[in-house]
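Q: To be precise about what I am sending: the file is called model_7.cif and holds mmCIF, N, CA and C atoms.
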data_query
#
loop_
_atom_site.label_atom_id
_atom_site.label_comp_id
_atom_site.auth_asym_id
_atom_site.auth_seq_id
_atom_site.Cartn_x
_atom_site.Cartn_y
_atom_site.Cartn_z
N MET A 1 30.60 98.86 -17.24
CA MET A 1 30.84 98.87 -18.66
C MET A 1 29.51 99.04 -19.39
N ALA A 2 29.47 99.90 -20.37
CA ALA A 2 28.24 100.18 -21.12
C ALA A 2 27.85 98.98 -21.97
N ASN A 3 26.54 98.78 -22.09
CA ASN A 3 26.03 97.68 -22.90
C ASN A 3 26.17 98.03 -24.38
N GLN A 4 26.89 97.24 -25.11
CA GLN A 4 27.11 97.48 -26.54
C GLN A 4 25.98 96.82 -27.33
N SER A 5 25.47 97.52 -28.30
CA SER A 5 24.43 96.99 -29.17
C SER A 5 25.06 96.54 -30.48
N SER A 6 24.50 95.53 -31.07
CA SER A 6 25.01 95.04 -32.35
C SER A 6 24.32 95.74 -33.53
N PHE A 7 23.60 96.83 -33.25
CA PHE A 7 22.90 97.57 -34.29
C PHE A 7 23.87 98.18 -35.28
N ARG A 8 23.56 98.02 -36.55
CA ARG A 8 24.33 98.63 -37.63
C ARG A 8 23.38 99.42 -38.51
N ALA A 9 23.88 100.52 -39.05
CA ALA A 9 23.05 101.34 -39.93
C ALA A 9 22.50 100.50 -41.06
N GLY A 10 21.22 100.66 -41.38
CA GLY A 10 20.60 99.94 -42.47
C GLY A 10 19.83 98.69 -42.03
N GLU A 11 20.15 98.15 -40.84
CA GLU A 11 19.47 96.94 -40.39
C GLU A 11 18.00 97.20 -40.11
N VAL A 12 17.68 98.35 -39.54
CA VAL A 12 16.29 98.66 -39.21
C VAL A 12 15.45 98.75 -40.46
N ALA A 13 16.01 99.31 -41.52
CA ALA A 13 15.26 99.46 -42.77
C ALA A 13 14.78 98.12 -43.30
N HIS A 14 15.51 97.06 -43.07
CA HIS A 14 15.10 95.75 -43.56
C HIS A 14 13.98 95.16 -42.72
N LYS A 15 13.83 95.61 -41.49
CA LYS A 15 12.83 95.04 -40.60
C LYS A 15 11.51 95.81 -40.65
N ILE A 16 11.50 97.00 -41.21
CA ILE A 16 10.29 97.80 -41.30
C ILE A 16 9.63 97.56 -42.65
N LYS A 17 8.39 97.10 -42.62
CA LYS A 17 7.67 96.86 -43.85
C LYS A 17 6.93 98.13 -44.25
N ASN A 18 6.76 98.30 -45.56
CA ASN A 18 5.97 99.43 -46.03
C ASN A 18 4.53 99.24 -45.57
N TYR A 19 3.97 100.28 -45.01
CA TYR A 19 2.58 100.22 -44.56
C TYR A 19 1.68 100.46 -45.75
N LYS A 20 0.72 99.58 -45.95
CA LYS A 20 -0.28 99.75 -46.99
C LYS A 20 -1.62 99.90 -46.30
N PRO A 21 -2.33 100.98 -46.60
CA PRO A 21 -3.64 101.16 -45.98
C PRO A 21 -4.58 100.01 -46.35
N LYS A 22 -5.40 99.63 -45.41
CA LYS A 22 -6.35 98.53 -45.63
C LYS A 22 -7.77 99.07 -45.72
N ASN A 23 -8.55 98.42 -46.54
CA ASN A 23 -9.95 98.78 -46.74
C ASN A 23 -10.79 97.54 -46.47
N LEU A 24 -10.68 97.03 -45.25
CA LEU A 24 -11.36 95.80 -44.88
C LEU A 24 -12.87 95.90 -45.01
N ALA A 25 -13.42 97.07 -44.72
CA ALA A 25 -14.87 97.25 -44.75
C ALA A 25 -15.44 97.08 -46.16
N GLN A 26 -14.64 97.37 -47.18
CA GLN A 26 -15.14 97.30 -48.55
C GLN A 26 -14.60 96.11 -49.34
N ALA A 27 -13.76 95.28 -48.75
CA ALA A 27 -13.12 94.18 -49.48
C ALA A 27 -14.14 93.24 -50.13
N THR A 28 -15.19 92.88 -49.41
CA THR A 28 -16.22 91.98 -49.96
C THR A 28 -16.94 92.64 -51.12
N GLN A 29 -17.27 93.92 -50.98
CA GLN A 29 -17.93 94.66 -52.07
C GLN A 29 -17.00 94.79 -53.27
N ASN A 30 -15.71 95.02 -53.02
CA ASN A 30 -14.75 95.13 -54.11
C ASN A 30 -14.70 93.83 -54.92
N LYS A 31 -14.73 92.70 -54.21
CA LYS A 31 -14.73 91.40 -54.89
C LYS A 31 -15.99 91.23 -55.72
N ALA A 32 -17.14 91.61 -55.18
CA ALA A 32 -18.40 91.50 -55.91
C ALA A 32 -18.38 92.37 -57.17
N LEU A 33 -17.80 93.56 -57.08
CA LEU A 33 -17.69 94.44 -58.25
C LEU A 33 -16.77 93.83 -59.31
N ALA A 34 -15.71 93.19 -58.88
CA ALA A 34 -14.78 92.55 -59.83
C ALA A 34 -15.47 91.41 -60.57
N ILE A 35 -16.26 90.62 -59.86
CA ILE A 35 -17.01 89.54 -60.50
C ILE A 35 -18.02 90.12 -61.47
N SER A 36 -18.68 91.17 -61.07
CA SER A 36 -19.65 91.85 -61.94
C SER A 36 -18.97 92.40 -63.20
N ALA A 37 -17.75 92.92 -63.05
CA ALA A 37 -17.01 93.44 -64.20
C ALA A 37 -16.76 92.33 -65.23
N ILE A 38 -16.41 91.14 -64.75
CA ILE A 38 -16.20 90.00 -65.66
C ILE A 38 -17.51 89.65 -66.35
N GLU A 39 -18.58 89.53 -65.56
CA GLU A 39 -19.88 89.12 -66.11
C GLU A 39 -20.43 90.12 -67.12
N LYS A 40 -20.19 91.41 -66.90
CA LYS A 40 -20.72 92.45 -67.79
C LYS A 40 -19.74 92.86 -68.88
N GLY A 41 -18.50 92.38 -68.81
CA GLY A 41 -17.50 92.73 -69.81
C GLY A 41 -17.07 94.19 -69.74
N LEU A 42 -16.99 94.72 -68.52
CA LEU A 42 -16.62 96.11 -68.31
C LEU A 42 -15.34 96.23 -67.49
N CYS A 43 -14.70 97.38 -67.58
CA CYS A 43 -13.50 97.67 -66.78
C CYS A 43 -13.90 98.19 -65.41
N LEU A 44 -12.99 98.09 -64.48
CA LEU A 44 -13.14 98.66 -63.14
C LEU A 44 -12.21 99.84 -63.00
N SER A 45 -12.66 100.86 -62.30
CA SER A 45 -11.75 101.93 -61.88
C SER A 45 -11.51 101.71 -60.39
N LEU A 46 -10.32 102.06 -59.93
CA LEU A 46 -9.99 101.87 -58.52
C LEU A 46 -8.77 102.70 -58.17
N THR A 47 -8.54 102.82 -56.88
CA THR A 47 -7.33 103.43 -56.38
C THR A 47 -6.56 102.33 -55.66
N TYR A 48 -5.29 102.16 -56.02
CA TYR A 48 -4.45 101.12 -55.42
C TYR A 48 -3.09 101.73 -55.17
N GLU A 49 -2.58 101.56 -53.96
CA GLU A 49 -1.33 102.18 -53.54
C GLU A 49 -1.38 103.69 -53.76
N GLY A 50 -2.57 104.27 -53.55
CA GLY A 50 -2.77 105.70 -53.66
C GLY A 50 -2.84 106.24 -55.08
N LEU A 51 -2.85 105.36 -56.08
CA LEU A 51 -2.84 105.80 -57.47
C LEU A 51 -4.08 105.33 -58.22
N PRO A 52 -4.63 106.20 -59.09
CA PRO A 52 -5.83 105.80 -59.86
C PRO A 52 -5.45 104.82 -60.97
N ARG A 53 -6.34 103.86 -61.20
CA ARG A 53 -6.10 102.85 -62.22
C ARG A 53 -7.42 102.43 -62.86
N VAL A 54 -7.33 101.94 -64.08
CA VAL A 54 -8.46 101.32 -64.77
C VAL A 54 -7.97 99.96 -65.23
N VAL A 55 -8.74 98.91 -64.90
CA VAL A 55 -8.28 97.55 -65.17
C VAL A 55 -9.37 96.69 -65.81
N GLU A 56 -8.90 95.68 -66.55
CA GLU A 56 -9.76 94.62 -67.07
C GLU A 56 -9.55 93.41 -66.17
N VAL A 57 -10.58 92.99 -65.47
CA VAL A 57 -10.48 91.87 -64.54
C VAL A 57 -10.50 90.56 -65.32
N HIS A 58 -9.56 89.68 -65.03
CA HIS A 58 -9.48 88.38 -65.69
C HIS A 58 -9.77 87.22 -64.74
N THR A 59 -9.31 87.32 -63.50
CA THR A 59 -9.49 86.25 -62.52
C THR A 59 -9.81 86.86 -61.16
N VAL A 60 -10.78 86.26 -60.47
CA VAL A 60 -11.14 86.66 -59.11
C VAL A 60 -11.10 85.40 -58.25
N GLY A 61 -10.43 85.50 -57.10
CA GLY A 61 -10.37 84.34 -56.22
C GLY A 61 -9.56 84.60 -54.98
N THR A 62 -9.01 83.51 -54.43
CA THR A 62 -8.20 83.57 -53.22
C THR A 62 -6.79 83.10 -53.57
N THR A 63 -5.80 83.90 -53.22
CA THR A 63 -4.42 83.58 -53.56
C THR A 63 -3.90 82.40 -52.75
N THR A 64 -2.73 81.92 -53.10
CA THR A 64 -2.10 80.83 -52.35
C THR A 64 -1.75 81.27 -50.93
N ALA A 65 -1.71 82.60 -50.70
CA ALA A 65 -1.48 83.14 -49.36
C ALA A 65 -2.80 83.43 -48.64
N PHE A 66 -3.92 82.88 -49.17
CA PHE A 66 -5.25 83.00 -48.58
C PHE A 66 -5.78 84.44 -48.58
N LYS A 67 -5.41 85.24 -49.56
CA LYS A 67 -5.88 86.62 -49.65
C LYS A 67 -6.83 86.77 -50.84
N PRO A 68 -8.04 87.33 -50.62
CA PRO A 68 -8.95 87.59 -51.74
C PRO A 68 -8.33 88.63 -52.67
N ALA A 69 -8.31 88.31 -53.98
CA ALA A 69 -7.62 89.17 -54.93
C ALA A 69 -8.16 88.98 -56.34
N MET A 70 -7.67 89.85 -57.23
CA MET A 70 -8.00 89.71 -58.65
C MET A 70 -6.73 89.88 -59.47
N ASN A 71 -6.68 89.16 -60.56
CA ASN A 71 -5.62 89.31 -61.54
C ASN A 71 -6.22 90.16 -62.65
N ALA A 72 -5.57 91.28 -62.98
CA ALA A 72 -6.15 92.21 -63.93
C ALA A 72 -5.09 92.81 -64.84
N TRP A 73 -5.54 93.24 -65.99
CA TRP A 73 -4.72 93.92 -66.99
C TRP A 73 -4.99 95.41 -66.82
N GLN A 74 -3.97 96.19 -66.49
CA GLN A 74 -4.16 97.63 -66.30
C GLN A 74 -4.13 98.33 -67.64
N VAL A 75 -5.23 99.00 -67.97
CA VAL A 75 -5.34 99.68 -69.27
C VAL A 75 -5.12 101.18 -69.19
N ASP A 76 -5.23 101.73 -67.98
CA ASP A 76 -5.04 103.18 -67.83
C ASP A 76 -4.71 103.48 -66.39
N GLY A 77 -4.20 104.67 -66.17
CA GLY A 77 -3.89 105.12 -64.82
C GLY A 77 -2.40 105.16 -64.57
N GLU A 78 -2.06 105.10 -63.29
CA GLU A 78 -0.68 105.24 -62.87
C GLU A 78 -0.20 103.96 -62.18
N SER A 79 1.10 103.90 -61.96
CA SER A 79 1.70 102.77 -61.24
C SER A 79 2.84 103.29 -60.38
N SER A 80 3.08 102.63 -59.26
CA SER A 80 4.17 103.05 -58.38
C SER A 80 5.53 102.67 -58.98
N LEU A 81 5.53 101.73 -59.91
CA LEU A 81 6.77 101.31 -60.57
C LEU A 81 6.65 101.52 -62.07
N PRO A 82 7.32 102.55 -62.60
CA PRO A 82 7.25 102.73 -64.05
C PRO A 82 8.05 101.66 -64.77
N PRO A 83 7.70 101.27 -65.96
CA PRO A 83 6.47 101.69 -66.64
C PRO A 83 5.27 100.99 -66.02
N VAL A 84 4.09 101.46 -66.40
CA VAL A 84 2.87 100.84 -65.89
C VAL A 84 2.86 99.39 -66.33
N SER A 85 2.84 98.49 -65.36
CA SER A 85 2.80 97.07 -65.71
C SER A 85 1.41 96.71 -66.17
N GLU A 86 1.35 95.84 -67.14
CA GLU A 86 0.04 95.48 -67.66
C GLU A 86 -0.68 94.51 -66.74
N TRP A 87 -0.04 93.38 -66.41
CA TRP A 87 -0.65 92.41 -65.50
C TRP A 87 -0.33 92.78 -64.06
N ARG A 88 -1.36 92.76 -63.22
CA ARG A 88 -1.19 93.07 -61.81
C ARG A 88 -2.09 92.18 -60.97
N LEU A 89 -1.63 91.88 -59.79
CA LEU A 89 -2.44 91.20 -58.79
C LEU A 89 -2.87 92.27 -57.79
N PHE A 90 -4.17 92.45 -57.64
CA PHE A 90 -4.71 93.47 -56.73
C PHE A 90 -5.41 92.76 -55.57
N LEU A 91 -5.00 93.06 -54.34
CA LEU A 91 -5.66 92.53 -53.15
C LEU A 91 -6.88 93.38 -52.86
N PHE A 92 -8.03 92.75 -52.67
CA PHE A 92 -9.27 93.50 -52.49
C PHE A 92 -9.26 94.39 -51.25
N ASP A 93 -8.54 94.00 -50.20
CA ASP A 93 -8.52 94.83 -49.00
C ASP A 93 -7.55 96.01 -49.11
N GLU A 94 -6.89 96.14 -50.26
CA GLU A 94 -6.01 97.29 -50.51
C GLU A 94 -6.54 98.17 -51.65
N CYS A 95 -7.73 97.85 -52.15
CA CYS A 95 -8.37 98.63 -53.21
C CYS A 95 -9.34 99.64 -52.60
N PHE A 96 -9.33 100.85 -53.12
CA PHE A 96 -10.24 101.91 -52.67
C PHE A 96 -10.98 102.48 -53.88
N ASP A 97 -12.15 103.06 -53.63
CA ASP A 97 -12.93 103.75 -54.67
C ASP A 97 -13.20 102.85 -55.87
N VAL A 98 -13.50 101.59 -55.65
CA VAL A 98 -13.73 100.64 -56.73
C VAL A 98 -15.11 100.89 -57.33
N ALA A 99 -15.16 100.95 -58.67
CA ALA A 99 -16.44 101.19 -59.36
C ALA A 99 -16.40 100.60 -60.76
N LEU A 100 -17.55 100.12 -61.21
CA LEU A 100 -17.68 99.70 -62.60
C LEU A 100 -17.62 100.94 -63.49
N THR A 101 -17.00 100.82 -64.63
CA THR A 101 -16.97 101.91 -65.59
C THR A 101 -17.88 101.55 -66.75
N ASP A 102 -18.00 102.45 -67.70
CA ASP A 102 -18.73 102.12 -68.93
C ASP A 102 -17.74 101.75 -70.05
N ILE A 103 -16.48 101.54 -69.68
CA ILE A 103 -15.44 101.17 -70.64
C ILE A 103 -15.51 99.66 -70.89
N LYS A 104 -15.66 99.29 -72.15
CA LYS A 104 -15.72 97.88 -72.53
C LYS A 104 -14.37 97.21 -72.31
N SER A 105 -14.40 96.06 -71.66
CA SER A 105 -13.18 95.29 -71.42
C SER A 105 -12.81 94.50 -72.68
N SER A 106 -11.52 94.38 -72.93
CA SER A 106 -11.03 93.56 -74.04
C SER A 106 -10.56 92.19 -73.56
N ALA A 107 -10.96 91.83 -72.35
CA ALA A 107 -10.58 90.52 -71.79
C ALA A 107 -11.28 89.41 -72.58
N PRO A 108 -10.60 88.31 -72.79
CA PRO A 108 -9.26 88.00 -72.31
C PRO A 108 -8.16 88.52 -73.23
N ARG A 109 -7.09 88.96 -72.63
CA ARG A 109 -5.91 89.40 -73.39
C ARG A 109 -5.23 88.17 -73.98
N PRO A 110 -4.52 88.33 -75.11
CA PRO A 110 -3.94 87.17 -75.81
C PRO A 110 -3.04 86.28 -74.94
N ASP A 111 -2.30 86.84 -73.99
CA ASP A 111 -1.40 86.00 -73.19
C ASP A 111 -2.04 85.50 -71.89
N TYR A 112 -3.36 85.68 -71.75
CA TYR A 112 -4.06 85.22 -70.55
C TYR A 112 -4.20 83.70 -70.57
N LYS A 113 -3.96 83.09 -69.41
CA LYS A 113 -4.13 81.65 -69.24
C LYS A 113 -5.10 81.40 -68.10
N LYS A 114 -6.11 80.61 -68.36
CA LYS A 114 -7.06 80.26 -67.29
C LYS A 114 -6.35 79.48 -66.20
N GLY A 115 -6.90 79.54 -65.00
CA GLY A 115 -6.34 78.79 -63.87
C GLY A 115 -5.04 79.38 -63.37
N ALA A 116 -5.00 80.71 -63.22
CA ALA A 116 -3.78 81.40 -62.78
C ALA A 116 -3.19 80.72 -61.55
N ARG A 117 -1.89 80.44 -61.61
CA ARG A 117 -1.25 79.66 -60.54
C ARG A 117 -1.11 80.39 -59.22
N GLN A 118 -1.26 81.72 -59.20
CA GLN A 118 -1.17 82.43 -57.92
C GLN A 118 -2.46 82.31 -57.11
N PHE A 119 -3.46 81.60 -57.67
CA PHE A 119 -4.74 81.44 -56.97
C PHE A 119 -4.91 80.01 -56.46
N ARG A 120 -5.30 79.92 -55.20
CA ARG A 120 -5.63 78.64 -54.56
C ARG A 120 -7.06 78.25 -54.95
N LYS A 121 -7.94 79.26 -55.01
CA LYS A 121 -9.34 79.06 -55.36
C LYS A 121 -9.76 80.16 -56.33
N ILE A 122 -10.42 79.79 -57.40
CA ILE A 122 -10.90 80.77 -58.37
C ILE A 122 -12.41 80.82 -58.29
N ASP A 123 -12.94 82.04 -58.07
CA ASP A 123 -14.38 82.24 -57.99
C ASP A 123 -14.98 82.59 -59.34
N LYS A 124 -14.22 83.31 -60.17
CA LYS A 124 -14.70 83.72 -61.49
C LYS A 124 -13.50 84.05 -62.35
N GLN A 125 -13.56 83.66 -63.62
CA GLN A 125 -12.51 84.04 -64.57
C GLN A 125 -13.14 84.18 -65.95
N VAL A 126 -12.46 84.91 -66.81
CA VAL A 126 -12.99 85.09 -68.17
C VAL A 126 -12.81 83.82 -68.96
#
What's the structure tokens form of this structure?
A:
Amino acid sequence: MANQSSFRAGEVAHKIKNYKPKNLAQATQNKALAISAIEKGLCLSLTYEGLPRVVEVHTVGTTTAFKPAMNAWQVDGESSLPPVSEWRLFLFDECFDVALTDIKSSAPRPDYKKGARQFRKIDKQV
């Protein structure tokens, strides 16, 4: 008798996670640039999920999931989910082409709250 599988269409899709490219070699430098952006009051340009973005960094630290990240307000660029969301959490090991811009940051935005709850440790905030 043939071995019957309990596989049903659609089950595999739930078990496969979307692959996100990692930039482990630059993660520490990305974090340093984010801190510098806060200190200098400038925006950062970066590529995240393959899309160009310009952001105002508000918080830099380690998330509750122990991932180095920044909480930022996206002022320009694209997003994988329209409309472009203003507040975003960016993981430093998923950011590419990070650079300081000459665009003045308007941080803090009116709805910004210090001590963002998604962070276990905060290294720098506006």
Q: Between atom N of A:Thr47 and atom CA of A:Asp102, measure the distance and give it in Å to one decimal.
A: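 One can read the atom N of A:Thr47 to atom CA of A:Asp102 distance as 15.8 Å.
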Q: Under the PyMOL selection byres ((chain A and resi 61) around 6), which residues of this model are included? Write them out as a list in words.
A: Thr59, Val60, Thr62, Thr63, Lys67, Pro68, Ala69, Met70, Lys121, Ile122, Asp123 and Lys124 of chain A
Q: For N, CA and C atoms, I'd like the residues from the last selection saved as a PDB file, in the frame of the given file.
A:
ATOM      1  N   THR A  59      -9.310  87.320 -63.500  1.00  0.00           N
ATOM      2  CA  THR A  59      -9.490  86.250 -62.520  1.00  0.00           C
ATOM      3  C   THR A  59      -9.810  86.860 -61.160  1.00  0.00           C
ATOM      4  N   VAL A  60     -10.780  86.260 -60.470  1.00  0.00           N
ATOM      5  CA  VAL A  60     -11.140  86.660 -59.110  1.00  0.00           C
ATOM      6  C   VAL A  60     -11.100  85.400 -58.250  1.00  0.00           C
ATOM      7  N   THR A  62      -9.010  83.510 -54.430  1.00  0.00           N
ATOM      8  CA  THR A  62      -8.200  83.570 -53.220  1.00  0.00           C
ATOM      9  C   THR A  62      -6.790  83.100 -53.570  1.00  0.00           C
ATOM     10  N   THR A  63      -5.800  83.900 -53.220  1.00  0.00           N
ATOM     11  CA  THR A  63      -4.420  83.580 -53.560  1.00  0.00           C
ATOM     12  C   THR A  63      -3.900  82.400 -52.750  1.00  0.00           C
ATOM     13  N   LYS A  67      -5.410  85.240 -49.560  1.00  0.00           N
ATOM     14  CA  LYS A  67      -5.880  86.620 -49.650  1.00  0.00           C
ATOM     15  C   LYS A  67      -6.830  86.770 -50.840  1.00  0.00           C
ATOM     16  N   PRO A  68      -8.040  87.330 -50.620  1.00  0.00           N
ATOM     17  CA  PRO A  68      -8.950  87.590 -51.740  1.00  0.00           C
ATOM     18  C   PRO A  68      -8.330  88.630 -52.670  1.00  0.00           C
ATOM     19  N   ALA A  69      -8.310  88.310 -53.980  1.00  0.00           N
ATOM     20  CA  ALA A  69      -7.620  89.170 -54.930  1.00  0.00           C
ATOM     21  C   ALA A  69      -8.160  88.980 -56.340  1.00  0.00           C
ATOM     22  N   MET A  70      -7.670  89.850 -57.230  1.00  0.00           N
ATOM     23  CA  MET A  70      -8.000  89.710 -58.650  1.00  0.00           C
ATOM     24  C   MET A  70      -6.730  89.880 -59.470  1.00  0.00           C
ATOM     25  N   LYS A 121      -7.940  79.260 -55.010  1.00  0.00           N
ATOM     26  CA  LYS A 121      -9.340  79.060 -55.360  1.00  0.00           C
ATOM     27  C   LYS A 121      -9.760  80.160 -56.330  1.00  0.00           C
ATOM     28  N   ILE A 122     -10.420  79.790 -57.400  1.00  0.00           N
ATOM     29  CA  ILE A 122     -10.900  80.770 -58.370  1.00  0.00           C
ATOM     30  C   ILE A 122     -12.410  80.820 -58.290  1.00  0.00           C
ATOM     31  N   ASP A 123     -12.940  82.040 -58.070  1.00  0.00           N
ATOM     32  CA  ASP A 123     -14.380  82.240 -57.990  1.00  0.00           C
ATOM     33  C   ASP A 123     -14.980  82.590 -59.340  1.00  0.00           C
ATOM     34  N   LYS A 124     -14.220  83.310 -60.170  1.00  0.00           N
ATOM     35  CA  LYS A 124     -14.700  83.720 -61.490  1.00  0.00           C
ATOM     36  C   LYS A 124     -13.500  84.050 -62.350  1.00  0.00           C
TER      37      LYS A 124
END
Q: Of the candidates A:Gln118, A:Asn23, A:Gln74, A:Ser80, which shows the shortest atom-to-atom distance to A:Val57, using all atoms listed in the file?
A: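 Once distances to A:Val57 are computed over all atoms listed in the file, the minimum belongs to A:Gln74.
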Q: Would you pick out the contacts of A:Leu42 at 7 Å or less, using all atoms listed in the file, so that residues sharing its chain but fewer than 3 positions from it are not included, and give the list as a ChimeraX atom specification?
A: /A:36-39,55-57,100-106
Q: Taking the file as shown, find all residues satisfying the PyMOL selection byres ((chain A and resi 27) around 8) and write them as an MDAnalysis selection string.
A: chainID A and resid 22:26 28:33 68 91:95
Q: Run DSSP on the backbone and grab whatever in chain A lands in alpha helix (DSSP H); send it over as a PyMOL selection string.
A: chain A and resi 11-15+27-40
Q: Measuring between only N, CA and C atoms, which one of A:Leu44, A:Val98, A:Ile35, A:Val54 shows the shortest distance to A:Glu78?
A: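 Closest residue, counting only N, CA and C atoms: A:Val54.
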Q: Could you pull out the strand (DSSP E) residues of chain A from DSSP and send them as JSON, numbers by chain?
A: {"A": [42, 43, 44, 45, 46, 47, 48, 51, 52, 53, 54, 55, 56, 57, 58, 59, 60, 61, 62, 63, 68, 69, 70, 71, 72, 73, 74, 75, 76, 77, 87, 88, 89, 90, 91, 95, 96, 97, 98, 99, 100, 101, 102, 103, 104, 119, 120, 121, 122, 123, 124, 125]}
Q: Select, from A:Thr64, A:Ser85, A:Gln125, A:Ser79, the residue with the minimum atom-to-atom distance to A:Leu51, counting all atoms listed in the file.
A: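 Nearest candidate to A:Leu51 out of A:Thr64, A:Ser85, A:Gln125, A:Ser79: A:Ser79.
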Q: Work out how far atom CA of A:Arg53 is from atom CA of A:Val75, in Å to one decimal.
A: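 Between atom CA of A:Val75 and atom CA of A:Arg53 the gap works out to 7.8 Å.
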Q: Got a sec to write stretch 110-117 of chain A of the block to a file, all heavy atoms, as an mmCIF file, in the first residue's frame?
A:
data_model
loop_
_atom_site.group_PDB
_atom_site.id
_atom_site.type_symbol
_atom_site.label_atom_id
_atom_site.label_comp_id
_atom_site.auth_asym_id
_atom_site.auth_seq_id
_atom_site.Cartn_x
_atom_site.Cartn_y
_atom_site.Cartn_z
ATOM 1 N N PRO A 110 5.728 65.310 15.773
ATOM 2 C CA PRO A 110 4.795 65.599 16.878
ATOM 3 C C PRO A 110 4.298 64.373 17.645
ATOM 4 O O PRO A 110 4.109 64.449 18.855
ATOM 5 C CB PRO A 110 3.634 66.307 16.185
ATOM 6 C CG PRO A 110 4.222 66.893 14.958
ATOM 7 C CD PRO A 110 5.319 65.951 14.532
ATOM 8 N N ASP A 111 4.102 63.235 16.984
ATOM 9 C CA ASP A 111 3.585 62.063 17.696
ATOM 10 C C ASP A 111 4.685 61.143 18.232
ATOM 11 O O ASP A 111 4.411 60.049 18.715
ATOM 12 C CB ASP A 111 2.607 61.280 16.821
ATOM 13 C CG ASP A 111 3.227 60.812 15.522
ATOM 14 O OD1 ASP A 111 4.297 61.322 15.131
ATOM 15 O OD2 ASP A 111 2.642 59.924 14.888
ATOM 16 N N TYR A 112 5.937 61.599 18.194
ATOM 17 C CA TYR A 112 7.052 60.802 18.703
ATOM 18 C C TYR A 112 7.028 60.768 20.233
ATOM 19 O O TYR A 112 6.798 61.781 20.886
ATOM 20 C CB TYR A 112 8.385 61.378 18.232
ATOM 21 C CG TYR A 112 9.585 60.746 18.891
ATOM 22 C CD1 TYR A 112 9.940 59.438 18.594
ATOM 23 C CD2 TYR A 112 10.342 61.444 19.810
ATOM 24 C CE1 TYR A 112 11.036 58.846 19.205
ATOM 25 C CE2 TYR A 112 11.443 60.867 20.419
ATOM 26 C CZ TYR A 112 11.782 59.570 20.109
ATOM 27 O OH TYR A 112 12.866 58.986 20.708
ATOM 28 N N LYS A 113 7.279 59.581 20.780
ATOM 29 C CA LYS A 113 7.373 59.402 22.222
ATOM 30 C C LYS A 113 8.720 58.781 22.549
ATOM 31 O O LYS A 113 9.084 57.755 21.974
ATOM 32 C CB LYS A 113 6.246 58.505 22.730
ATOM 33 C CG LYS A 113 4.884 59.128 22.559
ATOM 34 C CD LYS A 113 3.794 58.205 23.080
ATOM 35 C CE LYS A 113 2.460 58.872 22.835
ATOM 36 N NZ LYS A 113 1.581 58.119 22.001
ATOM 37 N N LYS A 114 9.444 59.402 23.459
ATOM 38 C CA LYS A 114 10.730 58.838 23.886
ATOM 39 C C LYS A 114 10.508 57.489 24.553
ATOM 40 O O LYS A 114 9.439 57.231 25.101
ATOM 41 C CB LYS A 114 11.435 59.781 24.858
ATOM 42 C CG LYS A 114 12.045 60.965 24.177
ATOM 43 C CD LYS A 114 12.955 61.724 25.121
ATOM 44 C CE LYS A 114 13.644 62.795 24.309
ATOM 45 N NZ LYS A 114 14.994 63.026 24.729
ATOM 46 N N GLY A 115 11.536 56.655 24.528
ATOM 47 C CA GLY A 115 11.464 55.348 25.176
ATOM 48 C C GLY A 115 10.576 54.375 24.434
ATOM 49 O O GLY A 115 9.769 53.679 25.040
ATOM 50 N N ALA A 116 10.720 54.318 23.109
ATOM 51 C CA ALA A 116 9.891 53.440 22.276
ATOM 52 C C ALA A 116 9.844 52.027 22.859
ATOM 53 O O ALA A 116 10.874 51.437 23.174
ATOM 54 C CB ALA A 116 10.426 53.413 20.850
ATOM 55 N N ARG A 117 8.634 51.491 22.990
ATOM 56 C CA ARG A 117 8.463 50.201 23.672
ATOM 57 C C ARG A 117 8.992 49.007 22.895
ATOM 58 O O ARG A 117 9.176 47.943 23.477
ATOM 59 C CB ARG A 117 7.000 49.993 24.029
ATOM 60 C CG ARG A 117 6.088 49.970 22.851
ATOM 61 C CD ARG A 117 4.635 49.954 23.294
ATOM 62 N NE ARG A 117 3.809 50.290 22.153
ATOM 63 C CZ ARG A 117 2.901 49.513 21.647
ATOM 64 N NH1 ARG A 117 2.662 48.356 22.200
ATOM 65 N NH2 ARG A 117 2.205 49.874 20.605
#
